[in-house]
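Notes follow once the structure below has been shown.
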Amino acid sequence: MNPTKLHEQFVLEKKKEKRFVRITQITIIVVLIAIWELASRLAWIDPLLFSMPSRIVTLLYEHITAGTLWIHASVTMFETIVGFLLGTIVGTCLAALLWWSKRLSTILDPFLVILNSMPKVAIGPILIVGIGPNIGSIIAMGMLVSVIITTMVVHTAFKEVDENYIKVLQTFSASKKQIFFNVVYPASIPVIISTLKMNVGLAWVGVIVGEFLVSKQGLGYLIIYGFQVFNFNLVFMSLLVIAILATFMYIFVEYIEKKMTKYSI
Amino acid sequence: MNPTKLHEQFVLEKKKEKRFVRITQITIIVVLIAIWELASRLAWIDPLLFSMPSRIVTLLYEHITAGTLWIHASVTMFETIVGFLLGTIVGTCLAALLWWSKRLSTILDPFLVILNSMPKVAIGPILIVGIGPNIGSIIAMGMLVSVIITTMVVHTAFKEVDENYIKVLQTFSASKKQIFFNVVYPASIPVIISTLKMNVGLAWVGVIVGEFLVSKQGLGYLIIYGFQVFNFNLVFMSLLVIAILATFMYIFVEYIEKKMTKYSI
Amino acid sequence: DGPTETLEVAEVTRSVFYAPLYVALSEGFFEEEGLSIELTTTWGGDKTMTALLSGGADIALVGSETSIYVAGQEATDPAINFAALTQTDGTFLVARDQVDSFQWSELKGTTFLGQRKGGMPQMVGEFVLKQHNINPRTDLTLLQNVDFGNIPSAFASGTGDYVQLFEPQASTFEKEGLGHVVASFGAESGRVPYTSFMAKQSMIEKDEEALIRFASAIYKGQQYVKNEDSSTIAMSIQDYFEDTELDILTSAVERYKDQGSYATDPLLTEEAWSTLLAIMDEAGELPLHIPFDELVNTAIASKSME
Amino acid sequence: MSDVSIDSVSLTYVNESGAFPALENVSLTIKEGEFVSFIGPSGCGKTTLLSIIAGLLEQTSGSLYIKNTESIGYMLQHDYLFPWLTIEKNMTLGQRIQGTHNEVSHRKALRWLERFGLADKKFDLPKALSGGMRQRVALIRTLATDPSLILLDEPFSALDQQTKLKLEDLVSHTLKAEQKTAILVTHDISEAIAMSDRVILFSPRPGKVAQVFTIPQEIRACTPFESRQHKDFQDQFQLIWKELDRFESN
Amino acid sequence: MSDVSIDSVSLTYVNESGAFPALENVSLTIKEGEFVSFIGPSGCGKTTLLSIIAGLLEQTSGSLYIKNTESIGYMLQHDYLFPWLTIEKNMTLGQRIQGTHNEVSHRKALRWLERFGLADKKFDLPKALSGGMRQRVALIRTLATDPSLILLDEPFSALDQQTKLKLEDLVSHTLKAEQKTAILVTHDISEAIAMSDRVILFSPRPGKVAQVFTIPQEIRACTPFESRQHKDFQDQFQLIWKELDRFESN
Ligand SMILES: Nc1ncnc2c1ncn2[C@@H]1O[C@H](COP(=O)(O)OP(=O)(O)OP(=O)(O)O)[C@@H](O)[C@H]1O
Ligand SMILES: Nc1ncnc2c1ncn2[C@@H]1O[C@H](COP(=O)(O)OP(=O)(O)OP(=O)(O)O)[C@@H](O)[C@H]1O
Ligand SMILES: [Mg+2]
Ligand SMILES: [Mg+2]
């Protein structure tokens, strides 16, 4: 068989496989939703507690047409993006600082570990004192959840940059600053981007928890309000919207990852 | 200078450096505590909101002598360890399953990403309905927080095992099971152990959040109760105990890491 | 009319229990007083009180017991109750099975899913049980380990024979046939300063006038709630309860109105205050016996009603 | 008697970006006990062909006959010793996977270890060994399953010259003594000449058999180290070099 | 006139587990424009000595004189091109770090690129280049800062034999034409003989200068490729081989 034909066949098979995967994914979702709907309707599970897909979708539709969804979703989305960016940027800067001074990093290491295992929810009141009961506290929570782990992961990446690249610069008598910006930082970009992916998830969790502390609106507000008034349809609808938005954000970060890591070390 | 002397000098300097680091760390802690105490006493910060180290320690001492600390700490510690182990073991098994079937992993990939960015706090009611308002729900929360991320990280590690090692086994016509247990799994142990380190932190956060939802006792319970009666001394004391325990757990995992990763690939 | 002044208000939760506040907001009573209100929900008493004490909010709507906890810890600038919003407990006793003529003694030997320790609902709950000669430690199995938001789930999934619920949870349960309201803790406990508006001492000294106008608006809301029927009130506050059905809202308002949970004026009485202290004392949570006039300002409320 | 016979085998790699022919119409017969070297420009498909012979890849077209498919030993380019296993465990890995590990086979592997001068390293982890030592262990691992056909993919490329020259001698001696059929892939013309009975030169991608050089009996009789000093060696080298050079300059 | 003069330099590595002498009393003088090779068993301290000369490490004792410390080019064992920079950017990295990057120096580097036959790869990323091409770019990067002393640490070890032989010629020609002083570390005796004026043999760890071989003028006059065919080459090889072999068997 000639190469062109072989390739065509391969592409065809790939397409088939892709279609199969998509169909299976959709089937899984549809079946799960159907089971859920059925179980709720037949009262195998309590529809009050587990809601019902049809009710969730109806509610979602109402919120979309009433324009209220847009308000809640955009507020939370904004908080998440800012929290996410802050967490990543601040974490990376801290990591740079630790890389700069090995001594500093040895000194601070145990503090980081301890901070990392602190339940961030418990410092809600401190945030309120420091920042006030406003959107700032929510963003801070979104940031806090990811900043320490970003610092640790990125610092490790900085340390693991092949020291021969650094040596190359040293043979040109480069300064420490030159070494950082010409080798350490660019070489770590792939790791930084891959922590971004993790941080997307963390920022969402942080912001939702933040909205549990203080909020006027937002998806986290809808969730806790839904608990308050015992309306689980609202809770599930908010979770659905979060799932959709988080997926988009993840896809976006993945897209950036592909763009930025064309090269590989 | 002869080698022995050079070495002695080196060891001496290392020791000096280590002592310097320890002293600096202790100084930082002492200074921070002193500033905190002073600021509270002089009412630069509201002692009601920020408590005061002396009060926290006094309270801790009371709880120790009364024997109540032991109860709360041991309950939480138990939940955390179980949640941590479950999260790690279940996550690793799921990762193995995904490794086993590439197709399955392609199909499930988006679901994992979405699950990862769900705020786990919001599924509290589902846990309570499914498991009941008891310690099981807390442990489940401790596990849930870490299981998805463990699955993703370990699965990546499995996939990244140098395929030449696999080829070695294939030249001996090994079965897929033999390949998994003779190469993929042992080669990934370092990554698995390093996710353990991350999971320690996550399990603590999960268990404390779990105790926020349902609990009779435990450090998370103390925090929530402290909030309820607006006694922030109690909150800070619980956080202090968590910090201490989390540090011990981290050191223990680090010790295991050192033992298990004597070799390097 | 003078220039409008903005007040930041932190509410402890969003509840039908606070209907007069939402009435005052939606009927424009604050604007009439030249006030513009920034309402933020700071979920939980600790967060709300923290927001107030740290200056993040001018006024807090929170359980009165929180002010006592704060005062018990030598606060330099204590939170002062200056206007009452609710004057009874807001929870109901819901039974799993229909009971024709409920007797409190029926609770003996059952499992009772109560509210979490340290909060007012729990203290009132135990207080009421004791009033009916039921020892919460020995006569029944008392579960107090579940978070507020998850209590309905726990009960609905089979935990407990009786449960202590707020509105609109109780109305929802009745509507769905999951339980039946058999008694009201609010009706049993009598009048207590339950949820009140608070401001810091320094704020009262500085800007008492604004607080008086605030209390006036609240007073108007309270009068509105007193005079209108439940469905009108429910309609008025519906904007603050998206996705809650009007019939549930109406039934919840009705229930609170019936048992006189909504204070009809902002004035806090010394008698009610003593009841609060007694309840807290009984529950073992009273840190200090705080005199009425130390934590309550009646002047503002009195002036506001003029 | 032929041990391996390859009949107009072609292989095309296919992926998203296209189809890439790697081997085209390769025909080849290797006799039992023969030592053959594959040489050719980088990317001409030498590794691909070894993988096909080893059964790790399937050809796109053509047919392949191997006398004893169960008994192939394939030594990859690097040693790939498992870092978490001791030398002893590494060495007997193949036996354990194939279920032929018993006292007799274990003792046999240990004898190899002794012969290669590594008996004292039995309980060490691979990281304690130098590159040359590791390479020897990898060779033992391949030999320990007692294959009748041995495939070696640039086994000496990572070594320094002295170690390499010594290992060449050792391997050559071992394989001859054991009467193994062997295929060696290498980039080093000298190595190919010094070790083999025949050198097969592949043309650039897609790989075809370009020329087959039969090494003169006099050079074959020497050990690899000695053969490099043989008077005819340089001529043989120049011959192959020129052919290879032609490919590279095109 | 001597460009580098090393006077009884010793270096001992110290870490937690002990002190390890790597170099002991090394004395050496290298003349301007001379090409010297370092050869010796693995771990004898060749890289260590280069690092000391380059100023990346400080000797424990002894003294070091280098005529122009500012003007040293050090080419590490692998190419270590920065994967995120284009060939053009990689090549001028040293200039940009040292602040000597301007139009003139940039053009000069580009001319090197042309001379090495890589002008069309200017805007490519390193991964698009073959190993040999990358090695050439790394060499240009070192040359582009116009150093008077060039240190090469096994620059050809990762290449296949053909590429290696060709690069040897190119490098040898370039350095001679530019009148550079050069030190080459290698494991390959043939390479050392073919390229250098003198070969310095180091004894096993801790490294000492064991012997200095001055390469006969006739071999030096040839290009590296030709010199391997020179009639005296094998004798020279045997001479050095025997010395090296003595170390290894001990
Ligand atoms: N999985 C693959 N997909 C596509 N092309 C491949 C794949 N594996 C190898 N190739 C290509 O097939 C050709 C032959 O590869 P192979 O590894 O067999 O060459 P080789 O002769 O062993 O080269 P080298 O001497 O560099 O080891 C090369 O051009 C290579 O790029
Ligand atoms: N940082 C270090 N700490 C301790 N010992 C070291 C260190 N670096 C190198 N050594 C040791 O010093 C000795 C000399 O090392 P060096 O790299 O200079 O040898 P080399 O001659 O370049 O070896 P090779 O030919 O293998 O490259 C070796 O035994 C090595 O193990
Ligand atoms: Mg190959
Ligand atoms: Mg070296």
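So you can find residues: chains in the structure tokens are A, B, ... in the order shown, residues in each start at 1, and ligands are numbered from 1 in order.
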DSSP says strand (DSSP E) for which residues of range 13-124 of chain D? Put them as number ranges by chain?
D: 13-15, 18-31, 35-39, 61-66, 72-75
Generate a file of the selected residues that holds C-alpha atoms, formatted as a PDB file, in the first residue's frame.
ATOM      1  CA  TYR D  13       5.299   4.798  10.191  1.00  0.00           C
ATOM      2  CA  VAL D  14       1.961   6.570  10.164  1.00  0.00           C
ATOM      3  CA  ASN D  15       0.908   9.381  12.435  1.00  0.00           C
ATOM      4  CA  GLY D  18       1.621  11.823   7.470  1.00  0.00           C
ATOM      5  CA  ALA D  19       3.072   8.477   6.494  1.00  0.00           C
ATOM      6  CA  PHE D  20       6.820   8.023   6.665  1.00  0.00           C
ATOM      7  CA  PRO D  21       8.380   5.028   4.959  1.00  0.00           C
ATOM      8  CA  ALA D  22      11.235   3.821   7.149  1.00  0.00           C
ATOM      9  CA  LEU D  23      12.128   0.536   5.416  1.00  0.00           C
ATOM     10  CA  GLU D  24      11.586  -0.428   1.824  1.00  0.00           C
ATOM     11  CA  ASN D  25      11.878  -3.887   0.392  1.00  0.00           C
ATOM     12  CA  VAL D  26      14.566  -5.190   2.686  1.00  0.00           C
ATOM     13  CA  SER D  27      15.598  -8.769   1.963  1.00  0.00           C
ATOM     14  CA  LEU D  28      18.224 -10.494   3.985  1.00  0.00           C
ATOM     15  CA  THR D  29      19.266 -13.930   5.150  1.00  0.00           C
ATOM     16  CA  ILE D  30      21.364 -14.569   8.228  1.00  0.00           C
ATOM     17  CA  LYS D  31      22.904 -17.956   8.807  1.00  0.00           C
ATOM     18  CA  PHE D  35      27.652 -12.223  13.233  1.00  0.00           C
ATOM     19  CA  VAL D  36      26.175  -9.462  11.105  1.00  0.00           C
ATOM     20  CA  SER D  37      26.457  -5.681  11.520  1.00  0.00           C
ATOM     21  CA  PHE D  38      23.931  -3.078  10.322  1.00  0.00           C
ATOM     22  CA  ILE D  39      25.412   0.251   9.411  1.00  0.00           C
ATOM     23  CA  SER D  61       4.380  -5.625   4.038  1.00  0.00           C
ATOM     24  CA  GLY D  62       6.779  -8.490   3.293  1.00  0.00           C
ATOM     25  CA  SER D  63       7.418 -11.597   5.290  1.00  0.00           C
ATOM     26  CA  LEU D  64       9.774 -12.655   7.994  1.00  0.00           C
ATOM     27  CA  TYR D  65      10.962 -16.061   9.028  1.00  0.00           C
ATOM     28  CA  ILE D  66      12.759 -16.591  12.280  1.00  0.00           C
ATOM     29  CA  ILE D  72      15.393 -13.844  20.895  1.00  0.00           C
ATOM     30  CA  GLY D  73      17.494 -11.635  23.103  1.00  0.00           C
ATOM     31  CA  TYR D  74      17.320  -7.914  22.384  1.00  0.00           C
ATOM     32  CA  MET D  75      19.791  -5.576  24.046  1.00  0.00           C
TER      33      MET D  75
END
Find the nearest atom pair between each residue of chain E and ligand 4 for residues within 7 Å, count only C-alpha atoms and all ligand atoms, give distances in Å to one decimal, sort rows by chain and ascending number, and present the table as CSV.
residue,atom,partner,partner_atom_place_in_ligand_line,distance
E:Gly43,CA,ligand 4,1 (Mg),6.9
E:Gly45,CA,ligand 4,1 (Mg),7.0
E:Lys46,CA,ligand 4,1 (Mg),5.6
E:Thr47,CA,ligand 4,1 (Mg),4.1
E:Asp153,CA,ligand 4,1 (Mg),6.8
Shell around Ser194 in chain A at 10 Å using only C-alpha atoms, local window under 3 positions removed, as JSON, numbers by chain
{"A": [153, 154, 189, 190, 191, 197, 198, 199, 253, 254, 257]}
Could you name the residues that touch Phe84 in chain B at 12 Å or less, counting only C-alpha atoms, but leaving out those on the same chain fewer than 6 positions away, as a short mmCIF file (atom, residue, chain, number, x, y, z; two decimals) with N, CA, C and O atoms, in the first residue's frame?
data_model
loop_
_atom_site.label_atom_id
_atom_site.label_comp_id
_atom_site.auth_asym_id
_atom_site.auth_seq_id
_atom_site.Cartn_x
_atom_site.Cartn_y
_atom_site.Cartn_z
N THR B 76 -9.13 13.77 65.18
CA THR B 76 -8.81 14.41 63.89
C THR B 76 -7.63 13.71 63.22
O THR B 76 -7.62 13.48 62.01
N MET B 77 -6.65 13.38 64.01
CA MET B 77 -5.47 12.70 63.48
C MET B 77 -5.86 11.39 62.82
O MET B 77 -5.42 11.08 61.72
N PHE B 78 -6.70 10.64 63.52
CA PHE B 78 -7.16 9.36 62.96
C PHE B 78 -7.87 9.58 61.63
O PHE B 78 -7.57 8.93 60.63
N VAL B 90 -6.66 4.84 46.77
CA VAL B 90 -7.70 4.84 45.74
C VAL B 90 -7.22 5.59 44.50
O VAL B 90 -7.39 5.13 43.37
N GLY B 91 -6.56 6.75 44.72
CA GLY B 91 -6.05 7.52 43.59
C GLY B 91 -5.07 6.71 42.76
O GLY B 91 -5.12 6.71 41.53
N ILE B 138 -16.65 12.54 57.32
CA ILE B 138 -15.44 13.36 57.49
C ILE B 138 -14.28 12.72 56.75
O ILE B 138 -13.54 13.38 56.00
N ILE B 139 -14.12 11.41 56.96
CA ILE B 139 -13.03 10.71 56.29
C ILE B 139 -13.21 10.79 54.78
O ILE B 139 -12.25 11.03 54.03
N ALA B 140 -14.46 10.63 54.34
CA ALA B 140 -14.72 10.70 52.90
C ALA B 140 -14.30 12.06 52.36
O ALA B 140 -13.72 12.16 51.28
N MET B 141 -14.59 13.12 53.12
CA MET B 141 -14.21 14.45 52.67
C MET B 141 -12.68 14.55 52.60
O MET B 141 -12.13 15.10 51.64
N GLY B 142 -12.00 14.02 53.63
CA GLY B 142 -10.53 14.04 53.63
C GLY B 142 -9.98 13.31 52.42
O GLY B 142 -8.97 13.71 51.82
N MET B 143 -10.65 12.24 52.02
CA MET B 143 -10.21 11.47 50.87
C MET B 143 -10.52 12.20 49.58
O MET B 143 -9.67 12.31 48.70
N LEU B 144 -11.75 12.70 49.48
CA LEU B 144 -12.20 13.31 48.23
C LEU B 144 -11.32 14.45 47.78
O LEU B 144 -11.07 14.65 46.59
N VAL B 145 -10.85 15.22 48.78
CA VAL B 145 -10.06 16.40 48.44
C VAL B 145 -8.79 15.99 47.69
O VAL B 145 -8.31 16.71 46.83
N SER B 146 -8.25 14.81 48.01
CA SER B 146 -6.97 14.45 47.41
C SER B 146 -7.07 13.42 46.29
O SER B 146 -6.14 13.26 45.51
N VAL B 147 -8.20 12.71 46.18
CA VAL B 147 -8.18 11.53 45.33
C VAL B 147 -8.06 11.87 43.83
O VAL B 147 -7.31 11.22 43.10
N THR B 150 -4.54 13.12 43.02
CA THR B 150 -3.62 11.98 43.07
C THR B 150 -3.76 11.15 41.80
O THR B 150 -2.75 10.78 41.17
N THR B 195 3.64 12.79 45.79
CA THR B 195 2.25 13.24 45.92
C THR B 195 1.76 13.03 47.34
O THR B 195 0.91 13.74 47.83
N LEU B 196 2.32 12.02 48.01
CA LEU B 196 1.98 11.82 49.42
C LEU B 196 2.17 13.12 50.19
O LEU B 196 1.36 13.51 51.00
N LYS B 197 3.29 13.78 49.91
CA LYS B 197 3.62 15.01 50.63
C LYS B 197 2.53 16.05 50.43
O LYS B 197 2.14 16.75 51.36
N MET B 198 2.07 16.16 49.18
CA MET B 198 1.02 17.11 48.89
C MET B 198 -0.28 16.66 49.57
O MET B 198 -1.01 17.47 50.12
N ASN B 199 -0.52 15.36 49.54
CA ASN B 199 -1.77 14.84 50.09
C ASN B 199 -1.87 15.04 51.59
O ASN B 199 -2.98 15.11 52.12
N VAL B 200 -0.74 15.07 52.28
CA VAL B 200 -0.79 15.34 53.72
C VAL B 200 -1.54 16.64 53.94
O VAL B 200 -2.51 16.70 54.71
N GLY B 201 -1.11 17.67 53.24
CA GLY B 201 -1.75 18.98 53.38
C GLY B 201 -3.21 18.92 53.01
O GLY B 201 -4.09 19.39 53.75
N LEU B 202 -3.49 18.29 51.85
CA LEU B 202 -4.87 18.25 51.37
C LEU B 202 -5.78 17.48 52.32
O LEU B 202 -6.91 17.89 52.57
N ALA B 203 -5.27 16.37 52.86
CA ALA B 203 -6.10 15.57 53.76
C ALA B 203 -6.47 16.38 55.00
O ALA B 203 -7.60 16.32 55.48
N TRP B 204 -5.52 17.15 55.51
CA TRP B 204 -5.84 17.99 56.67
C TRP B 204 -6.95 18.97 56.35
O TRP B 204 -7.92 19.10 57.09
N VAL B 205 -6.79 19.64 55.20
CA VAL B 205 -7.81 20.61 54.81
C VAL B 205 -9.16 19.91 54.67
O VAL B 205 -10.18 20.38 55.20
N GLY B 206 -9.16 18.75 53.99
CA GLY B 206 -10.41 18.04 53.78
C GLY B 206 -11.06 17.62 55.08
O GLY B 206 -12.28 17.78 55.27
N VAL B 207 -10.27 17.08 56.00
CA VAL B 207 -10.84 16.61 57.26
C VAL B 207 -11.39 17.76 58.08
O VAL B 207 -12.48 17.67 58.67
N ALA B 246 0.45 18.45 61.62
CA ALA B 246 0.71 18.37 60.18
C ALA B 246 2.21 18.33 59.92
O ALA B 246 2.69 17.62 59.04
N MET B 249 3.45 14.87 60.62
CA MET B 249 3.04 13.94 59.58
C MET B 249 3.91 14.16 58.34
O MET B 249 4.32 13.19 57.68
N TYR B 250 4.20 15.41 58.04
CA TYR B 250 5.02 15.73 56.88
C TYR B 250 6.42 15.17 57.05
O TYR B 250 7.00 14.57 56.14
N VAL B 253 6.37 11.49 56.43
CA VAL B 253 6.31 11.15 55.01
C VAL B 253 7.67 11.40 54.36
O VAL B 253 8.13 10.62 53.52
#
Distance cut-off 8 Å, counting only C-alpha atoms - which residues of chain A neighbour chain E? Return them as a list in words.
Asn164, Tyr165, Val168, Leu169, Gln170, Thr171, Phe172, Ser173, Ala174, Gln178, Val183, Pro186, Ala187, Tyr263, Ser264 and Ile265 of chain A
Write to file, as a tab-separated table (two decimals), in the first residue's frame, the residues of the selection just made, with N, CA and C atoms.
chain	number	residue	atom	x	y	z
A	164	ASN	N	23.88	22.63	33.89
A	164	ASN	CA	24.81	22.87	32.79
A	164	ASN	C	24.41	24.10	31.98
A	165	TYR	N	23.09	24.36	31.90
A	165	TYR	CA	22.65	25.58	31.22
A	165	TYR	C	23.16	26.79	32.00
A	168	VAL	N	26.75	27.30	31.30
A	168	VAL	CA	27.00	27.97	30.02
A	168	VAL	C	27.05	29.48	30.25
A	169	LEU	N	26.05	29.97	31.01
A	169	LEU	CA	26.04	31.42	31.26
A	169	LEU	C	27.19	31.85	32.14
A	170	GLN	N	27.54	30.98	33.10
A	170	GLN	CA	28.67	31.33	33.98
A	170	GLN	C	29.96	31.46	33.18
A	171	THR	N	30.10	30.63	32.14
A	171	THR	CA	31.32	30.75	31.34
A	171	THR	C	31.37	32.11	30.66
A	172	PHE	N	30.20	32.75	30.50
A	172	PHE	CA	30.18	34.10	29.95
A	172	PHE	C	30.18	35.14	31.08
A	173	SER	N	30.53	34.72	32.29
A	173	SER	CA	30.50	35.56	33.48
A	173	SER	C	29.18	36.31	33.65
A	174	ALA	N	28.08	35.61	33.54
A	174	ALA	CA	26.78	36.25	33.71
A	174	ALA	C	26.50	36.53	35.18
A	178	GLN	N	21.07	37.85	35.42
A	178	GLN	CA	21.10	37.37	34.04
A	178	GLN	C	20.81	35.88	33.98
A	183	VAL	N	18.02	31.80	31.91
A	183	VAL	CA	17.93	30.34	31.95
A	183	VAL	C	16.82	29.87	32.87
A	186	PRO	N	13.00	30.98	31.93
A	186	PRO	CA	12.45	30.37	30.70
A	186	PRO	C	12.45	28.85	30.72
A	187	ALA	N	13.45	28.25	31.35
A	187	ALA	CA	13.49	26.79	31.37
A	187	ALA	C	12.34	26.22	32.20
A	263	TYR	N	8.63	24.21	22.24
A	263	TYR	CA	9.92	23.55	22.38
A	263	TYR	C	9.87	22.61	23.58
A	264	SER	N	10.78	21.68	23.62
A	264	SER	CA	10.89	20.86	24.82
A	264	SER	C	12.37	20.71	25.13
A	265	ILE	N	12.68	20.68	26.41
A	265	ILE	CA	14.09	20.64	26.78
A	265	ILE	C	14.68	19.25	26.56
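When the distance limit is 10 Å and only C-alpha atoms are what count, the residues near Phe111 in chain A, minus those fewer than 5 positions from it on the same chain, are Ser105, Thr106 and Asn116 of chain A; Gln25, Ile29, Ala243 and Thr247 of chain B.
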Show me which bits of chain D are within 12 Å of chain E, counting only C-alpha atoms, as number ranges by chain.
D: 39-43, 130-132, 154, 156-166, 186-192, 225-226, 228-231, 233-235, 237-238, 240-249
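Within range 21-55 of chain B, DSSP run on the backbone puts these residues in helix (DSSP H, G or I): B:Val21, B:Arg22, B:Ile23, B:Thr24, B:Gln25, B:Ile26, B:Thr27, B:Ile28, B:Ile29, B:Val30, B:Val31, B:Leu32, B:Ile33, B:Ala34, B:Ile35, B:Trp36, B:Glu37, B:Leu38, B:Ala39, B:Ser40, B:Arg41, B:Pro47, B:Leu48, B:Leu49, B:Phe50, B:Pro53, B:Ser54, B:Arg55.
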Chain A residues near chain C within 6 Å, closest pair each, using only C-alpha atoms, as CSV:
residue,atom,partner,partner_atom,distance
A:Pro125,CA,C:Lys47,CA,5.6
A:Val129,CA,C:Ser54,CA,5.2
A:Gly132,CA,C:Gly56,CA,4.6
A:Pro133,CA,C:Gly56,CA,5.7
A:Leu213,CA,C:Trp43,CA,5.3
A:Val214,CA,C:Thr42,CA,4.3
A:Ser215,CA,C:Thr41,CA,5.4
A:Lys216,CA,C:Thr40,CA,5.1
A:Phe227,CA,C:Gly149,CA,5.2
A:Gln228,CA,C:Gly149,CA,5.9
A:Val229,CA,C:Pro168,CA,5.8
A:Phe230,CA,C:Gln169,CA,5.6
Next, write the just-selected residues to a file, as a compact mmCIF listing (two decimals), in the first residue's frame, keeping N, CA and C atoms as the atom set.
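Final output, result-v1.txt:
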# COMPACT_ATOMS: atom_id res chain seq x y z
N PRO A 125 -12.03 34.86 59.06
CA PRO A 125 -12.16 36.08 59.85
C PRO A 125 -10.95 37.00 59.70
N VAL A 129 -10.91 40.90 58.59
CA VAL A 129 -10.30 41.98 59.34
C VAL A 129 -9.33 42.76 58.46
N GLY A 132 -11.56 43.42 54.76
CA GLY A 132 -12.93 43.90 54.84
C GLY A 132 -13.88 42.90 54.21
N PRO A 133 -15.15 43.01 54.57
CA PRO A 133 -16.12 42.04 54.06
C PRO A 133 -16.54 42.41 52.64
N LEU A 213 -17.80 32.90 52.80
CA LEU A 213 -17.50 33.80 53.91
C LEU A 213 -18.30 35.09 53.80
N VAL A 214 -18.19 35.70 52.65
CA VAL A 214 -18.73 37.03 52.43
C VAL A 214 -19.27 37.05 51.02
N SER A 215 -20.47 37.51 50.81
CA SER A 215 -20.89 37.65 49.43
C SER A 215 -22.21 38.33 49.28
N LYS A 216 -22.31 39.03 48.17
CA LYS A 216 -23.57 39.66 47.79
C LYS A 216 -24.17 38.88 46.63
N PHE A 227 -28.47 26.26 50.25
CA PHE A 227 -28.51 25.45 51.46
C PHE A 227 -29.42 26.10 52.50
N GLN A 228 -29.26 27.40 52.63
CA GLN A 228 -29.98 28.17 53.63
C GLN A 228 -31.48 28.03 53.46
N VAL A 229 -31.93 28.13 52.20
CA VAL A 229 -33.37 28.06 51.98
C VAL A 229 -33.78 26.66 51.54
N PHE A 230 -32.85 25.72 51.67
CA PHE A 230 -33.13 24.33 51.37
C PHE A 230 -33.61 24.15 49.93
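With only C-alpha atoms and all ligand atoms as the atoms that count, the minimum distance from ligand 1 to the choices D:Leu170, D:Val185, D:Met133, D:Val199 is reached by D:Val185.
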Would you list the contacts of Ser202 in chain C as a PyMOL selection string, taking every protein, DNA or RNA residue within 12 Å and counting only C-alpha atoms, but skipping same-chain residues closer than 4 positions in sequence?
chain C and resi 52-53+55+58-59+76-80+198+206-208
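For Ala73 in chain A, the residues within 8 Å (counting only C-alpha atoms, excluding itself and residues fewer than 5 positions away along the chain) are Gly218, Leu219 and Val241 of chain A.
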Kindly export the residues of the current selection with N, CA and C atoms, as a short mmCIF file (atom, residue, chain, number, x, y, z; two decimals), in the first residue's frame.
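The result, stored in selection.cif:
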data_model
loop_
_atom_site.label_atom_id
_atom_site.label_comp_id
_atom_site.auth_asym_id
_atom_site.auth_seq_id
_atom_site.Cartn_x
_atom_site.Cartn_y
_atom_site.Cartn_z
N GLY A 218 -22.87 35.87 43.21
CA GLY A 218 -21.86 34.91 42.76
C GLY A 218 -22.40 33.50 42.90
N LEU A 219 -21.68 32.55 42.28
CA LEU A 219 -22.16 31.17 42.28
C LEU A 219 -22.04 30.54 43.66
N VAL A 241 -23.02 25.17 36.54
CA VAL A 241 -22.41 26.35 35.89
C VAL A 241 -20.92 26.39 36.20
#
